[in-house]
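K.L.:
Just passing along the structure, written as structure tokens.
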Amino acid sequence: MRKKIGLRSTDALLIVDLQLDFFSGGKLAVPHAEEILPVVNDLVDEARKSGTQIIVSRDWHPPDHISFAAQGGDWPQHCVRGTRGAEFHPQLRLPAGVLFVSKAKRPEREQYSDFDGTSLAEELRRRAIDRIFVVGLAEDFCVKCSAIDAARLGFETHVLRAATRPVTREGGESARAEMRAAGVTVIEPSRPCHEVDHLSRM
């Protein structure tokens, strides 16, 4: 059984892009992505019991999005709104009261971060949230960019490695270095939970 991380009512659990196209059989599958689903669901249960706000983001691309190879971008077409690949993984258990963030909706604009061009930061401040735990896919892209932006915007930000996976191992290592340099706390799977509480009081 996973140890609790001590979520509280002024925290937010930010679940990034757990959409079918990022899992096995999807258009842009992240290796071992399925492994994080039980961990994320445990965190969702803890968040629900502690009154923590849950935010769930998704790529919501038009079919001609600038990031797609056909438009000169780096990626195969994925998470096109209205397609099965854009749906959340069916094993993800979400309670009522979840906030949803849709990004990369305009064909001419890439948005890796959940804070880029959205009202998420303002909404979190309105709810007096000061600490964010980031999980989801992929660690070296949207998780990294969202976490760095959260820290830059003044939120105490943590990324849980047990609940994220990178596209590549090298990308994950680089992402963790970038996040730490930006002031994000990267919580290793074996790290005792009381360290998070200690850090939050520093």
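In the structure tokens, each chain is lettered A, B, ... as it comes, each chain's residues begin at 1, and ligands are numbered from 1 in order of appearance.
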Neighbouring residues of segment 45-54 of chain A were defined as those with any atom within 8 Å, considering only C-alpha atoms; residues of the same chain fewer than 5 positions away were excluded. Please report them as a count of residues only.

P.N.:
14

K.L.:
Tell me which protein, DNA and RNA residues are within 10 Å of segment 19-36 of chain A, counting only C-alpha atoms, leaving out same-chain ones fewer than 2 positions away, and put them as a PyMOL selection string.

P.N.:
chain A and resi 16-17+38-41+57-59+75-80+83-92+135-139+161-169

K.L.:
Please extract the residues of segment 5-177 of chain A with a backbone DSSP assignment of alpha helix (DSSP H) and present them as JSON, numbers by chain.

P.N.:
{"A": [37, 38, 39, 40, 41, 42, 43, 44, 45, 46, 47, 48, 49, 50, 120, 121, 122, 123, 124, 125, 126, 144, 145, 146, 147, 148, 149, 150, 151, 152, 169, 170, 171, 172, 173, 174, 175, 176, 177]}

K.L.:
Residues as selected, N, CA and C atoms, written as a CSV table (one decimal), in the first residue's frame, can you do that?

P.N.:
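Written output follows (part-v1.csv):
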chain,number,residue,atom,x,y,z
A,37,LEU,N,-0.9,4.4,-13.5
A,37,LEU,CA,-2.4,4.5,-13.2
A,37,LEU,C,-2.8,4.2,-11.8
A,38,PRO,N,-2.3,3.0,-11.2
A,38,PRO,CA,-2.7,2.7,-9.8
A,38,PRO,C,-2.2,3.8,-8.8
A,39,VAL,N,-1.0,4.3,-9.1
A,39,VAL,CA,-0.4,5.4,-8.2
A,39,VAL,C,-1.3,6.6,-8.3
A,40,VAL,N,-1.6,7.0,-9.5
A,40,VAL,CA,-2.5,8.2,-9.7
A,40,VAL,C,-3.8,8.0,-9.0
A,41,ASN,N,-4.4,6.9,-9.2
A,41,ASN,CA,-5.7,6.6,-8.6
A,41,ASN,C,-5.6,6.7,-7.0
A,42,ASP,N,-4.5,6.2,-6.5
A,42,ASP,CA,-4.3,6.3,-5.0
A,42,ASP,C,-4.3,7.8,-4.6
A,43,LEU,N,-3.5,8.6,-5.4
A,43,LEU,CA,-3.4,10.0,-5.1
A,43,LEU,C,-4.8,10.7,-5.2
A,44,VAL,N,-5.6,10.3,-6.2
A,44,VAL,CA,-6.9,10.8,-6.4
A,44,VAL,C,-7.8,10.5,-5.1
A,45,ASP,N,-7.7,9.3,-4.6
A,45,ASP,CA,-8.4,8.9,-3.4
A,45,ASP,C,-8.0,9.8,-2.2
A,46,GLU,N,-6.7,9.9,-2.1
A,46,GLU,CA,-6.2,10.8,-1.0
A,46,GLU,C,-6.6,12.2,-1.1
A,47,ALA,N,-6.6,12.7,-2.4
A,47,ALA,CA,-7.0,14.1,-2.6
A,47,ALA,C,-8.5,14.3,-2.3
A,48,ARG,N,-9.3,13.3,-2.7
A,48,ARG,CA,-10.7,13.4,-2.4
A,48,ARG,C,-11.0,13.5,-0.9
A,49,LYS,N,-10.3,12.6,-0.2
A,49,LYS,CA,-10.5,12.6,1.3
A,49,LYS,C,-10.0,13.8,2.0
A,50,SER,N,-9.0,14.4,1.5
A,50,SER,CA,-8.4,15.6,2.2
A,50,SER,C,-8.9,16.9,1.7
A,120,LEU,N,-5.5,28.8,-15.5
A,120,LEU,CA,-5.3,27.9,-14.3
A,120,LEU,C,-4.7,28.6,-13.1
A,121,ALA,N,-3.6,29.4,-13.3
A,121,ALA,CA,-3.0,30.0,-12.2
A,121,ALA,C,-3.9,30.9,-11.4
A,122,GLU,N,-4.7,31.7,-12.2
A,122,GLU,CA,-5.7,32.6,-11.5
A,122,GLU,C,-6.7,31.8,-10.7
A,123,GLU,N,-7.1,30.6,-11.3
A,123,GLU,CA,-8.1,29.8,-10.6
A,123,GLU,C,-7.6,29.2,-9.4
A,124,LEU,N,-6.3,28.8,-9.4
A,124,LEU,CA,-5.7,28.2,-8.2
A,124,LEU,C,-5.5,29.3,-7.1
A,125,ARG,N,-5.1,30.5,-7.5
A,125,ARG,CA,-5.0,31.6,-6.5
A,125,ARG,C,-6.4,31.9,-5.9
A,126,ARG,N,-7.4,31.9,-6.8
A,126,ARG,CA,-8.7,32.2,-6.3
A,126,ARG,C,-9.2,31.2,-5.2
A,144,LYS,N,7.0,18.4,-17.2
A,144,LYS,CA,8.2,19.3,-17.0
A,144,LYS,C,7.7,20.7,-17.2
A,145,CYS,N,7.1,21.0,-18.3
A,145,CYS,CA,6.8,22.4,-18.6
A,145,CYS,C,5.8,23.0,-17.6
A,146,SER,N,4.8,22.1,-17.3
A,146,SER,CA,3.8,22.6,-16.3
A,146,SER,C,4.4,22.8,-14.9
A,147,ALA,N,5.3,21.9,-14.5
A,147,ALA,CA,5.9,22.1,-13.2
A,147,ALA,C,6.8,23.3,-13.1
A,148,ILE,N,7.6,23.5,-14.1
A,148,ILE,CA,8.4,24.7,-14.2
A,148,ILE,C,7.6,26.0,-14.2
A,149,ASP,N,6.5,26.0,-14.9
A,149,ASP,CA,5.7,27.2,-14.9
A,149,ASP,C,5.0,27.4,-13.6
A,150,ALA,N,4.6,26.3,-12.9
A,150,ALA,CA,4.0,26.5,-11.6
A,150,ALA,C,4.9,27.1,-10.6
A,151,ALA,N,6.2,26.6,-10.6
A,151,ALA,CA,7.2,27.2,-9.7
A,151,ALA,C,7.5,28.6,-10.1
A,152,ARG,N,7.6,28.9,-11.3
A,152,ARG,CA,7.8,30.3,-11.8
A,152,ARG,C,6.7,31.2,-11.3
A,169,ARG,N,14.5,7.8,-21.6
A,169,ARG,CA,15.2,7.8,-20.3
A,169,ARG,C,16.1,9.1,-20.2
A,170,GLU,N,16.7,9.4,-21.3
A,170,GLU,CA,17.6,10.6,-21.3
A,170,GLU,C,16.8,11.9,-21.2
A,171,GLY,N,15.6,11.9,-21.8
A,171,GLY,CA,14.7,13.0,-21.7
A,171,GLY,C,14.2,13.2,-20.2
A,172,GLY,N,14.0,12.1,-19.6
A,172,GLY,CA,13.6,12.1,-18.2
A,172,GLY,C,14.7,12.7,-17.3
A,173,GLU,N,15.9,12.2,-17.5
A,173,GLU,CA,17.0,12.7,-16.7
A,173,GLU,C,17.2,14.2,-16.9
A,174,SER,N,17.1,14.7,-18.1
A,174,SER,CA,17.3,16.1,-18.4
A,174,SER,C,16.2,16.9,-17.8
A,175,ALA,N,14.9,16.4,-17.9
A,175,ALA,CA,13.8,17.1,-17.4
A,175,ALA,C,13.9,17.2,-15.9
A,176,ARG,N,14.3,16.2,-15.2
A,176,ARG,CA,14.5,16.3,-13.7
A,176,ARG,C,15.5,17.4,-13.3
A,177,ALA,N,16.6,17.4,-14.1
A,177,ALA,CA,17.6,18.4,-13.8
A,177,ALA,C,17.1,19.8,-14.1

K.L.:
Tell me, in Å to one decimal, how far atom CA of Ser102 of chain A is from atom CA of Ser67 of chain A.

P.N.:
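Taking atom CA of Ser102 of chain A as the start and atom CA of Ser67 of chain A as the end point, the length is 15.8 Å.
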